[in-house]
Each structure stands twice: as C-alpha cells, then as structure tokens.
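Quick look at query-v2.json (JSON, C-alpha atoms):
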[["chain", "number", "residue", "atom", "x", "y", "z"],
["R", 11, "MET", "CA", 0.00, 0.00, 0.00],
["R", 12, "ILE", "CA", 1.23, 3.48, -0.91],
["R", 13, "VAL", "CA", -0.48, 6.57, 0.51],
["R", 14, "ASP", "CA", -0.16, 10.32, 0.32],
["R", 15, "SER", "CA", -1.33, 12.89, 2.81],
["R", 16, "LEU", "CA", -1.58, 15.93, 0.56],
["R", 17, "SER", "CA", -4.93, 15.20, -1.09],
["R", 18, "ARG", "CA", -8.26, 16.81, -0.31],
["R", 19, "CYS", "CA", -11.78, 15.41, 0.10],
["R", 20, "LYS", "CA", -14.29, 15.49, -2.74],
["R", 21, "HIS", "CA", -17.24, 14.31, -0.64],
["R", 22, "GLU", "CA", -19.85, 17.09, -0.42],
["R", 23, "THR", "CA", -19.93, 17.10, 3.39],
["R", 24, "GLN", "CA", -16.14, 17.01, 3.73],
["R", 25, "LYS", "CA", -15.25, 19.28, 0.83],
["R", 26, "ALA", "CA", -11.53, 20.23, 0.72],
["R", 27, "LYS", "CA", -10.74, 18.69, 4.09],
["R", 28, "PRO", "CA", -7.47, 16.74, 4.20],
["R", 29, "LEU", "CA", -7.51, 12.98, 3.87],
["R", 30, "ILE", "CA", -5.19, 10.03, 3.39],
["R", 31, "TYR", "CA", -5.33, 9.09, -0.29],
["R", 32, "ILE", "CA", -4.45, 5.47, -1.06],
["R", 33, "ASP", "CA", -2.43, 5.72, -4.23],
["R", 34, "TYR", "CA", -1.83, 2.00, -4.57],
["R", 35, "LEU", "CA", -3.15, -1.04, -2.78],
["R", 36, "GLU", "CA", -2.92, -4.69, -3.69],
["R", 37, "ASN", "CA", -2.64, -8.04, -1.98],
["R", 38, "ALA", "CA", -0.39, -10.97, -2.81],
["R", 39, "PRO", "CA", -1.54, -13.32, -5.59],
["R", 40, "TRP", "CA", -1.75, -16.28, -3.22],
["R", 41, "ASN", "CA", -4.34, -14.44, -1.12],
["R", 42, "ARG", "CA", -6.66, -13.90, -4.07],
["R", 43, "LYS", "CA", -9.39, -16.45, -4.61],
["R", 44, "GLU", "CA", -10.12, -15.31, -8.15],
["R", 45, "LEU", "CA", -6.65, -16.38, -9.31],
["R", 46, "ASP", "CA", -7.78, -19.97, -9.01],
["R", 47, "CYS", "CA", -5.78, -20.64, -5.84],
["R", 48, "ASP", "CA", -7.03, -23.79, -4.13],
["R", 49, "GLN", "CA", -7.56, -21.65, -1.10],
["R", 50, "ALA", "CA", -6.44, -18.16, -0.27],
["R", 51, "ARG", "CA", -3.75, -18.38, 2.40],
["R", 52, "ILE", "CA", -4.91, -15.33, 4.32],
["R", 53, "THR", "CA", -8.28, -13.60, 4.18],
["R", 54, "GLY", "CA", -9.07, -10.14, 5.48],
["R", 55, "VAL", "CA", -5.87, -8.51, 4.20],
["R", 56, "GLY", "CA", -7.78, -5.70, 2.50],
["R", 57, "GLN", "CA", -9.60, -4.78, 5.66],
["R", 58, "LEU", "CA", -6.37, -4.75, 7.66],
["R", 59, "LEU", "CA", -4.85, -2.34, 5.15],
["R", 60, "ILE", "CA", -7.92, -0.10, 5.11],
["R", 61, "ARG", "CA", -7.85, -0.05, 8.89],
["R", 62, "ALA", "CA", -4.16, 0.93, 8.75],
["R", 63, "ALA", "CA", -5.00, 3.83, 6.40],
["R", 64, "ILE", "CA", -7.79, 4.98, 8.73],
["R", 65, "GLU", "CA", -5.48, 4.82, 11.75],
["R", 66, "LEU", "CA", -2.88, 6.82, 9.84],
["R", 67, "SER", "CA", -5.55, 9.37, 8.95],
["R", 68, "ILE", "CA", -6.53, 9.68, 12.61],
["R", 69, "ASN", "CA", -2.89, 9.94, 13.58],
["R", 70, "GLU", "CA", -2.37, 12.76, 11.09],
["R", 71, "GLY", "CA", -5.37, 14.62, 12.45],
["R", 72, "PHE", "CA", -7.58, 13.85, 9.42],
["R", 73, "ALA", "CA", -10.30, 12.21, 11.55],
["R", 74, "GLY", "CA", -10.19, 8.90, 9.67],
["R", 75, "ARG", "CA", -10.95, 10.33, 6.23],
["R", 76, "ILE", "CA", -9.48, 8.23, 3.43],
["R", 77, "GLY", "CA", -9.95, 8.09, -0.35],
["R", 78, "LEU", "CA", -8.97, 5.81, -3.20],
["R", 79, "HIS", "CA", -9.66, 4.86, -6.80],
["R", 80, "SER", "CA", -10.96, 1.30, -6.87],
["R", 81, "LEU", "CA", -10.33, -1.27, -9.57],
["R", 82, "PRO", "CA", -13.66, -2.39, -11.10],
["R", 83, "GLN", "CA", -13.36, -5.86, -9.54],
["R", 84, "ALA", "CA", -12.97, -4.30, -6.10],
["R", 85, "ASP", "CA", -15.83, -1.76, -6.26],
["R", 86, "SER", "CA", -18.17, -3.91, -4.18],
["R", 87, "PHE", "CA", -15.46, -4.51, -1.58],
["R", 88, "TYR", "CA", -15.05, -0.78, -0.96],
["R", 89, "ALA", "CA", -18.75, 0.01, -1.19],
["R", 90, "LYS", "CA", -20.21, -2.88, 0.81],
["R", 91, "THR", "CA", -17.48, -4.39, 2.96],
["R", 92, "CYS", "CA", -15.74, -1.12, 3.81],
["R", 93, "GLY", "CA", -18.85, 1.09, 3.66],
["R", 94, "MET", "CA", -17.16, 3.83, 1.63],
["R", 95, "THR", "CA", -19.09, 6.38, -0.44],
["R", 96, "ASP", "CA", -19.01, 5.85, -4.20],
["R", 97, "LEU", "CA", -18.33, 9.27, -5.76],
["R", 98, "GLY", "CA", -18.49, 7.96, -9.30],
["R", 99, "VAL", "CA", -16.18, 7.44, -12.23],
["R", 100, "ASP", "CA", -13.10, 9.63, -12.44],
["R", 101, "SER", "CA", -12.08, 10.11, -16.07],
["R", 102, "SER", "CA", -8.70, 11.48, -15.01],
["R", 103, "LYS", "CA", -7.86, 8.08, -13.46],
["R", 104, "GLU", "CA", -8.54, 5.78, -16.39],
["R", 105, "GLY", "CA", -12.24, 5.68, -15.54],
["R", 106, "LEU", "CA", -11.76, 4.12, -12.10],
["R", 107, "LYS", "CA", -14.41, 4.86, -9.47],
["R", 108, "TYR", "CA", -13.46, 7.17, -6.63],
["R", 109, "PHE", "CA", -14.40, 6.21, -3.05],
["R", 110, "GLU", "CA", -14.12, 8.14, 0.17],
["R", 111, "THR", "CA", -14.95, 7.70, 3.83],
["R", 112, "THR", "CA", -16.24, 10.33, 6.17],
["R", 113, "PRO", "CA", -15.05, 10.18, 9.81],
["R", 114, "GLU", "CA", -18.38, 8.53, 10.70],
["R", 115, "GLN", "CA", -17.95, 5.85, 8.05],
["R", 116, "SER", "CA", -14.43, 5.10, 9.26],
["R", 117, "LYS", "CA", -15.69, 4.72, 12.81],
["R", 118, "ALA", "CA", -18.45, 2.44, 11.61],
["R", 119, "PHE", "CA", -15.94, 0.33, 9.70],
["R", 120, "ILE", "CA", -13.78, -0.22, 12.77],
["R", 121, "ALA", "CA", -16.82, -0.82, 14.95],
["R", 122, "LYS", "CA", -17.98, -3.55, 12.58],
["R", 123, "GLY", "CA", -15.17, -5.79, 13.79],
["R", 124, "GLU", "CA", -15.76, -4.93, 17.44],
["R", 125, "SER", "CA", -19.50, -5.21, 17.75],
["R", 126, "LEU", "CA", -20.22, -8.65, 16.35],
["U", 229, "MET", "CA", 3.25, 5.03, 14.21],
["U", 230, "LYS", "CA", 2.11, 1.83, 15.84],
["U", 231, "ILE", "CA", -1.21, 0.27, 14.92],
["U", 232, "GLU", "CA", -2.71, -2.24, 17.27],
["U", 233, "TYR", "CA", -5.23, -4.71, 15.97],
["U", 234, "THR", "CA", -6.78, -7.20, 18.30],
["U", 235, "LYS", "CA", -6.83, -10.78, 17.13],
["U", 236, "GLU", "CA", -10.61, -10.79, 17.63],
["U", 237, "TRP", "CA", -11.06, -7.79, 15.33],
["U", 238, "CYS", "CA", -8.99, -9.43, 12.59],
["U", 239, "MET", "CA", -10.87, -12.72, 12.91],
["U", 240, "ARG", "CA", -14.29, -11.02, 12.82],
["U", 241, "MET", "CA", -13.44, -8.95, 9.79],
["U", 242, "ALA", "CA", -11.93, -11.92, 7.97],
["U", 243, "ARG", "CA", -15.09, -13.91, 8.69],
["U", 244, "LEU", "CA", -17.21, -11.04, 7.38],
["U", 245, "GLU", "CA", -15.18, -11.02, 4.20],
["U", 246, "ASP", "CA", -15.69, -14.75, 3.76],
["U", 247, "ASP", "CA", -19.42, -14.45, 4.44],
["U", 248, "ALA", "CA", -19.68, -11.68, 1.86],
["U", 249, "ASP", "CA", -18.38, -14.13, -0.74],
["U", 250, "HIS", "CA", -15.87, -11.51, -1.73],
["U", 251, "PRO", "CA", -13.68, -12.64, -4.64],
["U", 252, "GLY", "CA", -10.49, -11.45, -2.99],
["U", 253, "GLU", "CA", -9.81, -8.47, -5.24],
["U", 254, "ILE", "CA", -8.97, -5.33, -3.28],
["U", 255, "GLY", "CA", -6.84, -3.50, -5.82],
["U", 256, "ALA", "CA", -6.85, 0.30, -5.83],
["U", 257, "GLY", "CA", -4.99, 2.91, -7.82],
["U", 258, "VAL", "CA", -4.03, 3.17, -11.47],
["U", 259, "VAL", "CA", -0.74, 1.37, -10.79],
["U", 260, "ALA", "CA", -2.65, -1.72, -9.66],
["U", 261, "ARG", "CA", -4.50, -1.78, -12.95],
["U", 262, "ASP", "CA", -2.12, -4.06, -14.79],
["U", 263, "ALA", "CA", -2.53, -7.49, -16.31],
["U", 264, "LYS", "CA", -2.44, -9.36, -13.03],
["U", 265, "THR", "CA", -5.82, -7.95, -12.11],
["U", 266, "ALA", "CA", -7.42, -9.68, -15.05],
["U", 267, "PRO", "CA", -7.54, -13.38, -14.27],
["U", 268, "VAL", "CA", -8.01, -15.74, -17.17],
["U", 269, "GLU", "CA", -10.65, -18.42, -17.43],
["U", 270, "ALA", "CA", -9.51, -21.88, -16.43],
["U", 271, "THR", "CA", -8.29, -23.69, -19.51],
["U", 272, "SER", "CA", -7.07, -27.17, -20.30],
["U", 273, "GLU", "CA", -4.85, -25.92, -23.09],
["U", 274, "ALA", "CA", -1.26, -27.02, -22.93],
["U", 275, "ASN", "CA", 1.25, -24.41, -21.82],
["U", 276, "VAL", "CA", 4.61, -25.47, -23.19],
["U", 277, "VAL", "CA", 6.28, -22.09, -22.89],
["U", 278, "PHE", "CA", 6.23, -21.62, -19.12],
["U", 279, "GLY", "CA", 7.56, -25.11, -18.36],
["U", 280, "ARG", "CA", 10.24, -24.78, -21.03],
["U", 281, "PHE", "CA", 11.29, -21.40, -19.65],
["U", 282, "VAL", "CA", 11.64, -22.74, -16.10],
["U", 283, "GLN", "CA", 13.59, -25.74, -17.30],
["U", 284, "LEU", "CA", 16.03, -23.72, -19.38],
["U", 285, "MET", "CA", 16.57, -21.14, -16.66],
["U", 286, "ARG", "CA", 17.26, -23.96, -14.22],
["U", 287, "ARG", "CA", 19.69, -25.65, -16.61],
["U", 288, "LYS", "CA", 21.36, -22.31, -17.31],
["U", 289, "GLN", "CA", 21.99, -22.02, -13.58],
["U", 290, "GLY", "CA", 23.22, -25.61, -13.58],
["U", 291, "VAL", "CA", 21.02, -26.70, -10.70],
["U", 292, "THR", "CA", 18.83, -29.71, -10.08],
["U", 293, "LEU", "CA", 15.10, -29.49, -9.53],
["U", 294, "GLU", "CA", 15.74, -30.19, -5.89],
["U", 295, "LYS", "CA", 18.21, -27.34, -5.59],
["U", 296, "LEU", "CA", 15.94, -24.92, -7.46],
["U", 297, "ALA", "CA", 13.03, -25.85, -5.19],
["U", 298, "GLU", "CA", 15.19, -25.14, -2.18],
["U", 299, "GLU", "CA", 16.61, -21.86, -3.47],
["U", 300, "ALA", "CA", 13.30, -20.48, -4.73],
["U", 301, "ASP", "CA", 11.39, -21.82, -1.71],
["U", 302, "VAL", "CA", 8.82, -23.75, -3.73],
["U", 303, "GLU", "CA", 7.51, -27.30, -3.63],
["U", 304, "ILE", "CA", 9.65, -29.72, -5.59],
["U", 305, "ALA", "CA", 6.58, -31.73, -6.63],
["U", 306, "GLU", "CA", 5.15, -28.66, -8.31],
["U", 307, "LEU", "CA", 8.40, -27.90, -10.10],
["U", 308, "VAL", "CA", 8.35, -31.41, -11.56],
["U", 309, "GLU", "CA", 4.77, -30.82, -12.74],
["U", 310, "ILE", "CA", 5.67, -27.44, -14.23],
["U", 311, "GLU", "CA", 8.58, -28.81, -16.24],
["U", 312, "ASP", "CA", 7.01, -32.10, -17.25],
["U", 313, "ASP", "CA", 3.29, -31.48, -17.52],
["U", 314, "SER", "CA", 2.36, -28.79, -20.00],
["U", 315, "ARG", "CA", -1.25, -28.86, -18.76],
["U", 316, "HIS", "CA", -0.34, -28.21, -15.15],
["U", 317, "LYS", "CA", -1.64, -24.90, -13.82],
["U", 318, "PRO", "CA", 0.94, -23.59, -11.35],
["U", 319, "GLU", "CA", 0.17, -21.96, -8.03],
["U", 320, "PRO", "CA", 0.42, -18.14, -8.11],
["U", 321, "ARG", "CA", 2.86, -18.20, -5.19],
["U", 322, "THR", "CA", 5.16, -20.60, -7.02],
["U", 323, "VAL", "CA", 5.22, -18.37, -10.10],
["U", 324, "TYR", "CA", 5.88, -15.34, -7.94],
["U", 325, "GLN", "CA", 8.75, -17.08, -6.14],
["U", 326, "LEU", "CA", 10.27, -18.26, -9.44],
["U", 327, "ALA", "CA", 10.01, -14.75, -10.90],
["U", 328, "ASN", "CA", 11.95, -13.39, -7.93],
["U", 329, "HIS", "CA", 14.50, -16.18, -8.14],
["U", 330, "PHE", "CA", 15.07, -15.75, -11.88],
["U", 331, "ASN", "CA", 14.91, -11.98, -11.54],
["U", 332, "VAL", "CA", 12.16, -11.46, -14.14],
["U", 333, "PRO", "CA", 8.94, -9.41, -13.71],
["U", 334, "SER", "CA", 6.33, -11.45, -11.85],
["U", 335, "THR", "CA", 3.48, -9.85, -13.85],
["U", 336, "LYS", "CA", 4.88, -11.17, -17.11],
["U", 337, "LEU", "CA", 5.66, -14.58, -15.68],
["U", 338, "MET", "CA", 2.08, -14.76, -14.37],
["U", 339, "GLN", "CA", 0.89, -14.14, -17.92],
["U", 340, "LEU", "CA", 3.28, -16.73, -19.31],
["U", 341, "ALA", "CA", 2.02, -19.23, -16.76],
["U", 342, "GLY", "CA", -1.56, -18.61, -17.88],
["U", 343, "LEU", "CA", -2.62, -17.12, -14.53],
["U", 344, "SER", "CA", -3.45, -13.68, -15.84],
["U", 345, "ALA", "CA", -4.54, -12.21, -19.14],
["U", 346, "PRO", "CA", -1.81, -10.57, -21.21],
["U", 347, "LYS", "CA", -2.27, -6.95, -22.25],
["U", 348, "ASN", "CA", -1.32, -7.75, -25.83],
["U", 349, "THR", "CA", -0.13, -10.66, -27.93],
["U", 350, "HIS", "CA", 3.52, -9.60, -27.94],
["U", 351, "LEU", "CA", 4.52, -11.78, -24.98],
["U", 352, "PHE", "CA", 2.51, -14.73, -26.30],
["U", 353, "ASP", "CA", 4.15, -14.49, -29.74],
["U", 354, "ALA", "CA", 7.61, -14.19, -28.21],
["U", 355, "GLY", "CA", 6.85, -17.19, -26.01],
["U", 356, "ILE", "CA", 5.90, -19.35, -28.99],
["U", 357, "ARG", "CA", 9.10, -18.34, -30.80],
["U", 358, "PHE", "CA", 11.07, -19.15, -27.67],
["U", 359, "ALA", "CA", 9.45, -22.58, -27.34],
["U", 360, "ALA", "CA", 10.16, -23.37, -31.00],
["U", 361, "ARG", "CA", 13.78, -22.26, -30.87],
["U", 362, "SER", "CA", 14.56, -23.89, -27.55],
["U", 363, "GLU", "CA", 13.50, -27.37, -28.61],
["U", 364, "SER", "CA", 16.59, -29.48, -27.99],
["U", 365, "MET", "CA", 18.40, -30.76, -31.08],
["U", 366, "GLN", "CA", 21.19, -32.28, -29.09],
["U", 367, "THR", "CA", 21.78, -35.96, -29.69],
["U", 368, "LEU", "CA", 21.34, -38.24, -26.74],
["U", 369, "ASN", "CA", 24.29, -38.80, -24.47],
["U", 370, "GLU", "CA", 25.22, -42.30, -23.34],
["U", 371, "THR", "CA", 23.19, -42.17, -20.15],
["U", 372, "GLU", "CA", 20.09, -40.90, -21.93],
["U", 373, "ARG", "CA", 20.51, -43.48, -24.71],
["U", 374, "ALA", "CA", 20.85, -46.30, -22.16],
["U", 375, "ALA", "CA", 17.82, -45.06, -20.23],
["U", 376, "LEU", "CA", 15.76, -44.76, -23.43],
["U", 377, "GLU", "CA", 16.76, -48.20, -24.67],
["U", 378, "ALA", "CA", 15.96, -49.72, -21.30],
["U", 379, "PHE", "CA", 12.56, -48.07, -21.32],
["U", 380, "VAL", "CA", 11.86, -49.10, -24.93],
["U", 381, "SER", "CA", 12.72, -52.68, -24.06],
["U", 382, "VAL", "CA", 10.23, -52.55, -21.19],
["U", 383, "LEU", "CA", 7.62, -51.11, -23.54],
["U", 384, "SER", "CA", 8.37, -53.80, -26.11],
["U", 385, "ASP", "CA", 8.19, -56.62, -23.59],
["U", 386, "ARG", "CA", 5.00, -58.47, -24.45],
["U", 387, "SER", "CA", 5.06, -60.69, -21.39]]
Whole structure, structure tokens version:
Amino acid sequence: MIVDSLSRCKHETQKAKPLIYIDYLENAPWNRKELDCDQARITGVGQLLIRAAIELSINEGFAGRIGLHSLPQADSFYAKTCGMTDLGVDSSKEGLKYFETTPEQSKAFIAKGESL
Amino acid sequence: MKIEYTKEWCMRMARLEDDADHPGEIGAGVVARDAKTAPVEATSEANVVFGRFVQLMRRKQGVTLEKLAEEADVEIAELVEIEDDSRHKPEPRTVYQLANHFNVPSTKLMQLAGLSAPKNTHLFDAGIRFAARSESMQTLNETERAALEAFVSVLSDRS
C-alpha cells in the first residue's frame, strides 16, 4: 500500500478537508481467490490495510478520512465491505471509481469488527 | 506510528469477508491496474512455454530441480509438474517465487504461466518463438541413450 497525505476530500460534506489518499493497494496473488488458488492463504488482508489507512488518517489529524480509486473488480469490496461512499467514475484516473470515507464511516468500519 | 489490531477484530473482519463471498480483489490505484488484475478463465490448453522457460533457466543455472526448489522456496513436486506437464496450472505463489528467483517481472511470468490475461499478444508471440527455438536438437548422451533403450525394451516386452 502506498499513501499520500496531501490530497483533499471530494465528498460534499467534507469538501476540501485533508484525507489520506491510497495511491496504490494490492494483496499478494496467493491471497486472491479469483486467481484460481485452491484456497487463499490469508483472508481479510484488505480490511487490515484499510484499517491501517484509517489509523494513519486519525494519527495525522484527518479524523479517519481516506480516499482511493478502486479497480472495477474491487468496487463492491469498498462500497459494501468497507462502507465507503461511491463518488463515481473519475475520467482522469482511467475511468476508475473514486471512493471516500467520512469520519463517521471510518468509525463504523472499525466498529464492525468490534460489535459482532 | 504503531497500529494495534486485536486478534478478535482481525478474525471477525476476515469472517465477514468470507461471508460476503468476496472474490479477494482489493486493488486500488491506477498502478494496480495491470494485467495481473485480469484473471483468465480456467483452460485445459497445454502451456509449453512456461515449463520450457523454467527448465532452461534452471539448466542455465546448472542446478537440479531439488536445488531450485530449495533456493526459490517452492515445492519440488510442483516444479516437476511445471517442467514435465504442460497442462499443469501452477500456483500463483510458485510463479511469484520463481520470478523473484530468476529476476524477471512477476506480472509477465504470471501471464506466461496462464494465470493472468496478457495486455497484448507480444509476450505470447515471443513465447511461442522461444518454445520453438529452444526445442533441444542435441543428440542423446550415453546415459540418456541407455535409459531410453531400457525403457523401450520394457515397452516392447510383451510378457
């Protein structure tokens, strides 16, 4: 995962506030079920990394706000599993969809693993 | 910065991911949008090129299958399959380890191994040329001749 801390929010309610932008995120091939592995060695890697980005955002004083451009195959992961807001296709990023979390969404994401 | 995750949190989130029937793709960013994000359909087509490449790289290094398995940290049984069975579909981790060991890009080796879709036909075409040119024309040495004759005699034995 590669992040930068100089980007600004696009979400209407967070407009221009600082966030942690995830420039690059990927997991190892042997943890990806779709690559026809018999069984992924580790599951939950994506959520650990998203949590790390949120913690970094909190640490930087950005209240847990993060943003990223999702690959099409991962759109549902960021929308449903991570609960991020889909802000639509970004033509400046090869048509990838842009997702962001508000501080509330980041809290809800972390709470998901604590409240079950 | 130190991040503390509890084991319980990790386990719950991993279970959620499994329950969601998530395919495992979490890629983000333009950089991640390369060929390895486009898995290919399972195929029974033979893949001569990858096995031939591994074999020649191993022979170039002058090492046995056993030694290569040890150095690249892969299963020897799978290396045997890769070199000898052109229909064997290798494990992604094995291909990744071999790419690191041979110092070639893992994305391209994944394509060569049939684990991801190539961006264009250039690599495929080059692979076919490689397979054609690397076919051994060397005559059999004494050991190989003896082994072949012994095997032919077993095959020919009608008893």
Write out as number ranges by chain every residue belonging to chain R that has an atom at most 8 Å from any atom of chain U, counting only C-alpha atoms.
R: 32-37, 39-47, 53-58, 62, 65-66, 69, 78-81, 83-84, 87-88, 91, 103-104, 106, 122-124, 126
Using only C-alpha atoms, determine which residues lie at most 10 Å from range 348-352 of chain U, disregarding the query and same-chain residues fewer than 6 positions distant; provide the list as a list in words.
Ala263, Val277, Lys336, Leu337, Gln339, Leu340 and Phe358 of chain U
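Rounded to one decimal, CA of Ala359 in chain U and CA of Leu307 in chain U lie 18.1 Å from each other.
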Could you pull the residues within 8 Å of Gln115 in chain R, counting only C-alpha atoms, minus those fewer than 4 positions along the same chain, as a compact mmCIF listing (two decimals) with C-alpha atoms, in the frame of the given file?
# COMPACT_ATOMS: atom_id res chain seq x y z
CA GLY R 93 -18.85 1.09 3.66
CA MET R 94 -17.16 3.83 1.63
CA THR R 111 -14.95 7.70 3.83
CA PHE R 119 -15.94 0.33 9.70
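For the pair CA of Val276 in chain U and CA of Ile356 in chain U, the interatomic distance is 8.5 Å.
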Between CA of Glu377 in chain U and CA of Asp313 in chain U, what is the distance in Å, rounded to a tenth?
22.6 Å
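Considering the residues R:Leu29, R:Leu59, R:Cys19, R:Ala118 and counting all atoms listed in the file, Ala73 in chain R has its shortest atom-to-atom contact with R:Leu29.
Comparing the minimum interatomic distances between Gln24 in chain R and each of R:Ile120, R:Lys107, R:Thr112, R:Ala38, counting all atoms listed in the file, we find that R:Thr112 sits nearest.
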Of R:Ile12, R:Glu110, R:Arg18, R:Ile30, the one nearest to Glu70 in chain R when counting all atoms listed in the file is R:Ile30
Contacts of range 304-306 of chain U within 9 Å, only C-alpha atoms, excl. fewer than 2 positions in-chain, as an MDAnalysis selection string:
chainID U and resid 293:298 301:302 308:311 316 318:319 322
Taking all atoms of range 97-105 of chain R that the file lists, what box with edges along x, y and z, padded by 5 Å per side, do you get, with centre and edge lengths in Å to one decimal, as AutoDock Vina command-line options?
--center_x -13.2 --center_y 8.6 --center_z -11.1 --size_x 20.6 --size_y 15.8 --size_z 20.6
